[in-house]
Each structure stands twice: as structure tokens, then as C-alpha cells.
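Student: Sharing data_25.txt here; it has compact mmCIF, C-alpha atoms.
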# COMPACT_ATOMS: atom_id res chain seq x y z
CA MET P 1 0.00 0.00 0.00
CA LYS P 2 1.45 3.36 -0.99
CA THR P 3 1.83 6.08 1.61
CA ASN P 4 2.32 9.82 1.65
CA TYR P 5 4.42 11.41 4.36
CA ARG P 6 3.58 14.66 6.07
CA ASN P 7 5.80 16.16 8.74
CA ASN P 8 4.15 18.15 11.53
CA SER P 9 6.75 19.04 14.14
CA PRO P 10 7.28 17.52 16.61
CA GLU P 11 5.27 14.54 15.31
CA SER P 12 5.16 12.73 11.96
CA TYR P 13 2.10 11.02 10.54
CA ILE P 14 1.90 8.30 7.92
CA MET P 15 -1.17 8.66 5.72
CA ASP P 16 -2.47 5.88 3.50
CA THR P 17 -3.41 7.15 0.05
CA GLU P 18 -7.00 5.98 0.63
CA GLU P 19 -7.35 8.54 3.45
CA THR P 20 -6.96 11.43 1.01
CA THR P 21 -10.09 10.38 -0.91
CA VAL P 22 -12.34 10.88 2.14
CA SER P 23 -14.26 14.10 2.81
CA VAL P 24 -16.74 15.01 5.55
CA ASN P 25 -18.98 18.09 5.70
CA ILE P 26 -21.95 19.44 7.62
CA TRP P 27 -24.94 20.50 5.51
CA ILE P 28 -27.45 22.97 6.92
CA LEU P 29 -30.71 23.19 4.92
CA GLY P 30 -33.40 25.74 5.67
CA GLN P 31 -37.16 25.41 5.79
CA ASN P 32 -38.91 24.68 2.47
CA GLN P 33 -35.59 24.27 0.67
CA TYR P 34 -34.99 22.21 -2.47
CA HIS P 35 -31.57 20.89 -3.41
CA GLU P 36 -30.76 18.82 -6.49
CA PHE P 37 -27.37 17.35 -7.34
CA ILE P 38 -25.54 14.58 -9.16
CA ALA P 39 -23.41 12.59 -6.73
CA GLY P 40 -19.84 12.81 -7.99
CA GLU P 41 -18.84 10.20 -5.40
CA HIS P 42 -20.54 7.70 -3.12
CA ASN P 43 -22.20 9.54 -0.22
CA ILE P 44 -23.45 8.51 3.20
CA LEU P 45 -25.80 11.13 4.67
CA PHE P 46 -26.43 11.16 8.44
CA VAL P 47 -29.49 13.22 9.41
CA THR P 48 -28.73 14.75 12.82
CA SER P 49 -31.78 17.02 13.21
CA GLY P 50 -35.03 17.73 11.38
CA SER P 51 -36.27 15.62 8.48
CA LEU P 52 -36.07 15.67 4.70
CA ILE P 53 -37.64 13.99 1.71
CA CYS P 54 -35.08 12.23 -0.48
CA SER P 55 -35.83 11.29 -4.10
CA LEU P 56 -33.67 9.02 -6.24
CA GLN P 57 -34.45 7.67 -9.70
CA GLY P 58 -36.03 4.20 -9.44
CA TYR P 59 -36.80 4.43 -5.72
CA ILE P 60 -39.83 5.47 -3.73
CA ASP P 61 -39.46 8.95 -2.20
CA GLU P 62 -38.73 8.63 1.50
CA ASP P 63 -39.08 10.91 4.50
CA ILE P 64 -35.79 10.59 6.39
CA GLY P 65 -35.87 11.92 9.93
CA SER P 66 -33.24 12.57 12.56
CA GLY P 67 -31.28 9.51 13.59
CA ARG P 68 -31.28 7.85 10.17
CA MET P 69 -28.72 7.52 7.42
CA VAL P 70 -28.99 6.98 3.66
CA PHE P 71 -26.53 5.77 1.03
CA ILE P 72 -26.38 7.59 -2.34
CA SER P 73 -24.24 5.94 -4.99
CA MET P 74 -21.92 7.77 -7.35
CA GLY P 75 -23.63 9.18 -10.43
CA SER P 76 -27.12 9.20 -8.89
CA ARG P 77 -29.37 12.20 -9.39
CA CYS P 78 -30.60 13.13 -5.93
CA CYS P 79 -33.34 15.59 -4.97
CA ILE P 80 -33.71 16.72 -1.36
CA SER P 81 -36.60 18.84 -0.11
CA THR P 82 -37.38 20.08 3.40
CA THR P 83 -40.40 21.37 5.30
CA GLU P 84 -38.28 22.33 8.31
CA GLY P 85 -34.67 23.12 9.06
CA VAL P 86 -32.37 20.13 8.65
CA SER P 87 -28.82 19.41 9.73
CA LEU P 88 -26.91 16.47 8.31
CA ILE P 89 -23.40 15.17 7.90
CA CYS P 90 -22.24 14.14 4.44
CA LEU P 91 -19.47 11.53 4.45
CA LYS P 92 -17.77 10.57 1.18
CA PRO P 93 -15.83 7.38 1.99
CA GLY P 94 -13.83 7.37 -1.24
CA ASP P 95 -11.54 4.41 -1.84
CA ILE P 96 -11.97 3.17 1.73
CA LEU P 97 -15.44 1.88 0.75
CA ASN P 98 -13.80 -0.53 -1.71
CA LEU P 99 -11.44 -1.85 0.96
CA TYR P 100 -14.36 -3.12 3.01
CA ASN P 101 -15.76 -5.13 0.07
CA TYR P 102 -19.37 -3.94 0.39
CA PRO P 103 -20.01 -4.47 -3.33
CA PHE P 104 -19.27 -8.18 -2.80
CA TYR P 105 -21.88 -8.45 -0.04
CA SER P 106 -24.44 -7.45 -2.63
CA GLN P 107 -23.11 -9.80 -5.29
CA ARG P 108 -23.27 -12.77 -2.92
CA GLN P 109 -26.87 -12.11 -2.00
CA LYS P 110 -28.02 -10.66 -5.30
CA SER P 111 -30.35 -13.54 -6.05
CA ASN P 112 -32.11 -13.07 -2.70
CA ASN P 113 -32.22 -9.27 -2.69
CA LYS P 114 -34.42 -7.65 -5.34
CA LYS P 115 -33.68 -4.05 -4.37
CA SER P 116 -36.04 -4.29 -1.42
CA GLU P 117 -39.13 -3.30 -3.40
CA ASN P 118 -37.45 -0.06 -4.58
CA LYS P 119 -36.99 1.27 -1.06
CA LEU P 120 -34.16 3.70 -0.43
CA SER P 121 -31.08 2.47 1.38
CA VAL P 122 -31.91 3.88 4.82
CA LEU P 123 -30.83 2.60 8.25
CA GLN P 124 -31.80 3.72 11.74
CA PHE P 125 -28.93 4.75 14.01
CA THR P 126 -28.01 2.25 16.69
CA PRO P 127 -26.59 3.55 20.00
CA LEU P 128 -23.06 2.92 18.67
CA ILE P 129 -23.73 4.83 15.45
CA THR P 130 -25.42 7.68 17.39
CA ALA P 131 -22.32 8.06 19.57
CA TYR P 132 -20.12 7.95 16.47
CA VAL P 133 -22.13 10.65 14.66
CA ASP P 134 -22.25 12.90 17.75
CA TYR P 135 -18.47 12.67 18.10
CA LEU P 136 -17.93 13.35 14.40
CA LYS P 137 -20.27 16.34 14.50
CA TRP P 138 -18.43 17.82 17.49
CA PHE P 139 -15.11 17.69 15.63
CA LEU P 140 -16.60 19.23 12.48
CA GLN P 141 -18.23 22.07 14.42
CA SER P 142 -14.95 22.81 16.20
CA GLY P 143 -13.32 23.46 12.82
CA PHE P 144 -11.08 20.39 12.99
CA ASN P 145 -10.15 19.26 9.48
CA ASP P 146 -7.49 16.58 9.21
CA PRO P 147 -7.69 14.03 6.35
CA LEU P 148 -5.85 11.40 8.39
CA TYR P 149 -8.38 11.67 11.23
CA PHE P 150 -11.40 11.49 8.94
CA GLY P 151 -9.89 8.52 7.11
CA ILE P 152 -9.53 6.73 10.44
CA LYS P 153 -13.11 7.67 11.38
CA THR P 154 -14.37 6.28 8.06
CA ARG P 155 -12.69 2.96 8.71
CA GLU P 156 -14.16 3.04 12.20
CA LEU P 157 -17.65 3.56 10.74
CA PHE P 158 -17.45 0.38 8.68
CA GLN P 159 -16.21 -1.55 11.69
CA LEU P 160 -19.10 -0.21 13.79
CA MET P 161 -21.57 -1.06 11.04
CA SER P 162 -20.35 -4.66 11.03
CA ILE P 163 -21.10 -4.77 14.78
CA SER P 164 -24.36 -2.80 14.70
CA TYR P 165 -26.11 -4.29 11.65
CA SER P 166 -26.59 -7.75 10.22
CA LEU P 167 -25.10 -8.72 6.86
CA ALA P 168 -28.61 -8.50 5.35
CA GLU P 169 -29.02 -4.94 6.68
CA ARG P 170 -25.63 -3.88 5.33
CA THR P 171 -26.42 -5.51 1.99
CA PHE P 172 -29.67 -3.54 1.89
CA PHE P 173 -27.86 -0.29 2.75
CA PHE P 174 -25.36 -0.71 -0.09
CA GLN P 175 -27.85 -2.22 -2.53
CA ALA P 176 -27.23 0.50 -5.14
CA LEU P 177 -23.80 -1.00 -5.71
CA ILE P 178 -25.47 -4.12 -7.16
CA SER P 179 -26.35 -2.29 -10.36
CA SER P 180 -23.34 0.01 -10.51
CA ASP P 181 -21.61 -0.27 -13.88
CA LYS P 182 -18.23 0.95 -12.70
CA LYS P 183 -16.45 0.57 -16.04
CA PHE P 184 -19.01 2.72 -17.86
CA SER P 185 -19.40 5.32 -15.08
CA ASP P 186 -15.61 5.67 -14.74
CA LEU P 187 -15.43 6.27 -18.49
CA ILE P 188 -18.04 9.03 -18.24
CA TYR P 189 -16.31 10.75 -15.31
CA LYS P 190 -13.01 10.60 -17.17
CA ASN P 191 -14.32 12.12 -20.41
CA TYR P 192 -17.39 14.29 -19.83
CA ARG P 193 -15.44 17.52 -19.23
CA GLN P 194 -13.53 17.11 -22.52
CA ALA P 195 -16.58 16.39 -24.68
CA SER P 196 -18.25 19.36 -26.37
CA SER P 197 -21.52 17.47 -26.98
CA ILE P 198 -23.40 14.30 -26.08
CA ARG P 199 -22.57 12.92 -29.53
CA GLU P 200 -18.85 13.49 -28.95
CA LEU P 201 -19.05 11.84 -25.52
CA ALA P 202 -20.81 8.86 -27.13
CA THR P 203 -18.03 8.61 -29.74
CA MET P 204 -15.35 8.80 -27.03
CA SER P 205 -17.18 5.95 -25.27
CA CYS P 206 -17.32 3.87 -28.50
CA TYR P 207 -21.14 3.94 -28.73
CA SER P 208 -23.66 5.08 -31.28
CA LEU P 209 -25.65 8.07 -30.01
CA SER P 210 -28.84 6.05 -29.43
CA GLY P 211 -26.97 3.17 -27.78
CA PHE P 212 -25.06 5.58 -25.57
CA GLU P 213 -28.20 7.38 -24.40
CA LYS P 214 -29.90 4.07 -23.54
CA ARG P 215 -26.85 2.81 -21.61
CA PHE P 216 -26.46 6.15 -19.85
CA LEU P 217 -30.09 6.24 -18.73
CA LYS P 218 -29.85 2.67 -17.42
CA VAL P 219 -26.66 3.32 -15.43
CA PHE P 220 -27.29 6.85 -14.15
CA GLY P 221 -31.09 6.95 -14.03
CA VAL P 222 -31.28 10.28 -15.86
CA SER P 223 -30.63 11.49 -19.42
CA ALA P 224 -27.05 12.33 -20.41
CA SER P 225 -27.93 15.97 -21.17
CA ARG P 226 -29.60 16.45 -17.77
CA TRP P 227 -26.76 14.73 -15.95
CA ILE P 228 -24.09 16.83 -17.65
CA ALA P 229 -26.00 20.07 -16.96
CA LEU P 230 -26.16 19.22 -13.25
CA ARG P 231 -22.51 18.13 -13.15
CA ARG P 232 -21.45 21.35 -14.87
CA ALA P 233 -23.30 23.41 -12.27
CA ASP P 234 -21.72 21.34 -9.49
CA ASP P 235 -18.23 21.75 -10.99
CA ILE P 236 -18.71 25.51 -11.27
CA TYR P 237 -19.91 25.72 -7.66
CA HIS P 238 -16.75 23.85 -6.62
CA GLU P 239 -14.59 26.31 -8.58
CA ILE P 240 -16.30 29.30 -6.93
CA THR P 241 -16.11 27.96 -3.38
CA LYS P 242 -12.91 25.90 -3.35
CA THR P 243 -10.45 27.77 -5.61
CA GLN P 244 -8.87 31.21 -5.72
CA LYS P 245 -9.68 31.71 -9.41
CA SER P 246 -11.33 34.99 -10.36
CA ILE P 247 -14.96 34.93 -11.46
CA LYS P 248 -13.80 36.06 -14.90
CA GLN P 249 -11.32 33.16 -15.16
CA ILE P 250 -13.95 30.57 -14.16
CA SER P 251 -16.33 32.05 -16.69
CA PHE P 252 -13.66 31.75 -19.40
CA ASP P 253 -12.66 28.20 -18.38
CA TYR P 254 -16.25 26.99 -18.76
CA GLY P 255 -16.74 28.59 -22.16
CA PHE P 256 -19.18 31.40 -21.33
CA SER P 257 -19.28 34.17 -23.92
CA SER P 258 -19.28 36.86 -21.23
CA VAL P 259 -19.19 37.31 -17.46
CA SER P 260 -22.79 38.55 -17.55
CA HIS P 261 -23.90 35.26 -19.15
CA PHE P 262 -21.96 33.41 -16.43
CA HIS P 263 -23.74 35.45 -13.72
CA LYS P 264 -27.10 34.60 -15.31
CA PHE P 265 -26.20 30.89 -15.38
CA CYS P 266 -25.22 30.91 -11.69
CA LYS P 267 -28.39 32.70 -10.63
CA THR P 268 -30.51 30.24 -12.62
CA LYS P 269 -28.72 27.01 -11.67
CA LEU P 270 -27.23 27.86 -8.27
CA GLY P 271 -29.73 30.44 -7.03
CA LEU P 272 -27.15 33.19 -6.41
CA SER P 273 -24.58 35.21 -8.30
CA PRO P 274 -21.00 33.85 -8.15
CA GLY P 275 -19.82 36.86 -6.15
CA TYR P 276 -22.55 36.40 -3.56
CA ILE P 277 -21.80 32.69 -3.24
CA ARG P 278 -18.20 33.57 -2.37
CA LYS P 279 -19.33 36.30 0.02
CA GLN P 280 -21.55 33.85 1.89
CA LEU P 281 -18.59 31.49 2.25
CA ARG P 282 -16.36 34.24 3.67
CA ASP P 283 -19.06 35.39 6.09
CA ARG P 284 -19.49 31.95 7.68
Please, can you express the file's structure as C-alpha cells?

Tutor:
Amino acid sequence: MKTNYRNNSPESYIMDTEETTVSVNIWILGQNQYHEFIAGEHNILFVTSGSLICSLQGYIDEDIGSGRMVFISMGSRCCISTTEGVSLICLKPGDILNLYNYPFYSQRQKSNNKKSENKLSVLQFTPLITAYVDYLKWFLQSGFNDPLYFGIKTRELFQLMSISYSLAERTFFFQALISSDKKFSDLIYKNYRQASSIRELATMSCYSLSGFEKRFLKVFGVSASRWIALRRADDIYHEITKTQKSIKQISFDYGFSSVSHFHKFCKTKLGLSPGYIRKQLRDR
């Protein structure tokens, strides 16, 4: 296993490369809020207060209250709506998920598990998981942000899940991995930014346009054009909030004809102008 080394005097830490793929964030959603996104990675959402309605293609909409968690697989189009304020923790386990072989749980029981009548992958917290989430939330709220720590906590989660839930319950939770077409989805994530059109992306994927659109809809649960529009908005939001690029540079990088057109896009797709999104981040 490869390692990266980071020196923090007077101590040194050894970080497995898998740790760097993990991210953890707190989401705060207001009353009567609607949020739609394409999951760029596998997500585990822990609802810590309030309740939300979660919609995923092919599954029955579910009201998820405090003390429950839901798994959202990479590439899924997810819609979240609220009737009250909601707080949740979003954990992206990255490569650590693969180390714990959850996809193989599903493969072994595939014949006995028919996607649980299209129910979402939701589990109730056990006392162990409640204590885990409370501890994680405390560290996040204190501003602590160390990839090594969160990698360790992700490994701990999977260990606690093996204690807290039966194999059947864990299989149910990760059921979306049964139908994941990793080879195709990896190809899309690798190429979609370089393609100037759906037809070009289909060609890069060695498909006819009609065959590509059918395969895409089957794997991602949404049309290619809709998926790419949502991913583009998500990528732009990341550029605004996570980089030091100027608004003008981001606008140019994403092919907008003018900054005013870029502002209009952000207000339509993200709800706010790019400058105001950055201002909100600074004011937190």
C-alpha cells in the first residue's frame, strides 16, 4: 500500500493514500428548501436534526428523519426537499469503501435481494452509530479538518456497522452497488469535461448516439444531457467555493461568452450570483 508522508513538528504522521479520498462536511438546509445534485462520489448522509424527503431515480421517495442515514451511490441524481430546518453530515468514503468489500456483499446475496421493493437504502442509528455521529459532528463544528483523522473515522464507521447491523441490513444499505456499472461510469467521469456534446461523448465511449443514451439512462437513471447540466453546475460551484480563481477566469474556463452570461447561469442554476456565493462562504 502506498503512503504519503507529512511532517508536523514535533510529530510525523503516515497517511495511506485511501485517506486522502475521504471528505466530511456538515450541511445545513433551511425550511422549504430544495436541493438537487448529481453525486460525484458515493455519499453517506447522516441526518442529525429535522427531516427531509429524499428522491432518487427508481426508488420510492422517503421521508428521512433525525437519527437515520442513507446511502447515495456515485452518479445518482438526488433531490432533497425540506419542510423544516435540517442538519446532516455528508461523508464521502472514497476508496476506503472498496477496501471493506461492500459491493461483494451485494453480489453474494443478489439472487435473494431484489432491491427491497425499490426502497431507499436507509438505516436507523443504533446507540453505537449515534455516539459515532455525535463525536464526528463535534469535531466538524470545532473546525477540525485533518484528512488522516477522517480517514480513520471512516474505517471506524465500517467496523461499527459490522457490529451494529446484520449482513442483510448492510447488503440492503449498499444495494445501489449491485447495479453500478463501474467501467461505464468511470469512463463518463473521465471524459465528460472534454466532450463538447453528447454525440462526442458517445463517440469517445465507442457507442452510437442512441446506444449511448440508452446505456447512460440505465446506469445513471437520468438522461445524459440532464446529468451533464447538473454536473457542470456542481463543478462551477466547486470552482467558486474551493479555488482562488477569479470569477472572470472561471467564466472563461467553462466557455461562457461573457461574465454577464456566467452570472445569469449561476443565478438560474445555483440560485445566487458567483460573487454572492463567495461572500456567503467568507461570512461563515

Student: Calculated over all atoms listed in the file, which of the candidates P:Gln31, P:Gln249, P:Ser51, P:Asn191 has the smallest distance to Met204 of chain P?

Tutor: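 Of the candidates, the smallest distance to Met204 of chain P is held by P:Asn191.
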
Student: Restricting the calculation to all atoms listed in the file: of P:Gly85, P:Asn25, P:Glu156, P:Met69, which residue gets closest to Phe139 of chain P?

Tutor: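 Among P:Gly85, P:Asn25, P:Glu156, P:Met69, it is P:Asn25 that comes nearest to Phe139 of chain P.
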
Student: Please indicate the distance in Å from atom CA of Glu41 of chain P to atom CA of Lys190 of chain P, rounded to one decimal place.

Tutor: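 Separation between atom CA of Glu41 of chain P and atom CA of Lys190 of chain P: 13.1 Å.
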
Student: Tell me, as a list in words, which residues lie within 8 Å of Gly94 of chain P, counting only C-alpha atoms; anything in the same chain fewer than 3 positions away does not count.

Tutor: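 In the requested format, the answer is Glu18, Thr21, Val22, Ser23, Glu41, His42, Leu97 and Asn98 of chain P.
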
Student: Which residues are close to segment 261-264 of chain P, i.e. within 7 Å by only C-alpha atoms, leaving aside same-chain residues fewer than 5 positions away? Reply as a ChimeraX atom specification.

Tutor: /P:251,256,273-274

Student: Rounded to one decimal, what separation in Å do you get between atom CA of Glu36 of chain P and atom CA of Ile250 of chain P?

Tutor: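 Atom CA of Ile250 of chain P lies 21.9 Å from atom CA of Glu36 of chain P.
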
Student: Rounded to one decimal in Å, what is the spacing between atom CA of Ala176 of chain P and atom CA of Pro93 of chain P?

Tutor: 15.1 Å

Student: Excluding Ser81 of chain P and its own-chain neighbours fewer than 4 positions away, which residues fall within 12 Å of it when counting all atoms listed in the file? Please give them as a list in words.

Tutor: Leu29, Gly30, Gln31, Asn32, Gln33, Tyr34, His35, Glu36, Phe37, Gly50, Ser51, Leu52, Ile53, Cys54, Ser55, Leu56, Asp61, Glu62, Asp63, Ile64, Gly85 and Val86 of chain P

Student: Please write as a ChimeraX atom specification the list of polymer residues whose atoms come within 8 Å of (-28.3, 9.5, 9.8), counting all atoms listed in the file and keeping to the coordinates of the file.

Tutor: /P:45-48,65-70,88-89,123-125,133

Student: Give the centre and edge lengths of an axis-aligned box, in Å to one decimal, that holds all listed atoms of segment 121-140 of chain P with 6 Å on each side, as JSON.

Tutor:
{"center_x": -23.5, "center_y": 10.7, "center_z": 10.7, "size_x": 28.8, "size_y": 29.0, "size_z": 30.6}

Student: Measuring atom to atom with only C-alpha atoms, identify which of P:Ile277, P:Ile228, P:Leu148, P:Ile188 is nearest to Thr241 of chain P.

Tutor: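 Checking each candidate against Thr241 of chain P, we get P:Ile277 as the closest.
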
Student: I'd like to know which of P:Pro127, P:Val122, P:Thr154, P:Thr82 is closest to Arg170 of chain P, using only C-alpha atoms.

Tutor: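 Closest candidate: P:Val122.
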
Student: If we count all atoms listed in the file and set the cut-off at 12 Å, which residues sit around Gln159 of chain P, ignoring sequence neighbours fewer than 3 positions away in its own chain? Please answer as a list in words.

Tutor: Ile96, Leu97, Leu99, Tyr100, Tyr102, Leu128, Ile129, Tyr132, Ile152, Lys153, Thr154, Arg155, Glu156, Ser162, Ile163, Ser164, Tyr165 and Arg170 of chain P

Student: Which of these residues is nearest to Ser87 of chain P, using all atoms listed in the file: P:Phe71, P:Tyr135, P:Tyr192, P:Trp27?

Tutor: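 Using all atoms listed in the file, the shortest distance to Ser87 of chain P belongs to P:Trp27.
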
Student: Every residue with an atom at most 12 Å from (-17.7, 24.4, 12.9) (file coordinates; all atoms listed in the file) is what I'm after, so could you write them as number ranges by chain?

Tutor: P: 24-28, 89, 136-145, 284

Student: What would the file look like if the residues just selected were written as a PDB file, in the frame of the given file with C-alpha atoms?

Tutor:
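Output file result25.pdb follows:
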ATOM      1  CA  VAL P  24     -16.740  15.010   5.550  1.00  0.00           C
ATOM      2  CA  ASN P  25     -18.980  18.090   5.700  1.00  0.00           C
ATOM      3  CA  ILE P  26     -21.950  19.440   7.620  1.00  0.00           C
ATOM      4  CA  TRP P  27     -24.940  20.500   5.510  1.00  0.00           C
ATOM      5  CA  ILE P  28     -27.450  22.970   6.920  1.00  0.00           C
ATOM      6  CA  ILE P  89     -23.400  15.170   7.900  1.00  0.00           C
ATOM      7  CA  LEU P 136     -17.930  13.350  14.400  1.00  0.00           C
ATOM      8  CA  LYS P 137     -20.270  16.340  14.500  1.00  0.00           C
ATOM      9  CA  TRP P 138     -18.430  17.820  17.490  1.00  0.00           C
ATOM     10  CA  PHE P 139     -15.110  17.690  15.630  1.00  0.00           C
ATOM     11  CA  LEU P 140     -16.600  19.230  12.480  1.00  0.00           C
ATOM     12  CA  GLN P 141     -18.230  22.070  14.420  1.00  0.00           C
ATOM     13  CA  SER P 142     -14.950  22.810  16.200  1.00  0.00           C
ATOM     14  CA  GLY P 143     -13.320  23.460  12.820  1.00  0.00           C
ATOM     15  CA  PHE P 144     -11.080  20.390  12.990  1.00  0.00           C
ATOM     16  CA  ASN P 145     -10.150  19.260   9.480  1.00  0.00           C
ATOM     17  CA  ARG P 284     -19.490  31.950   7.680  1.00  0.00           C
TER      18      ARG P 284
END
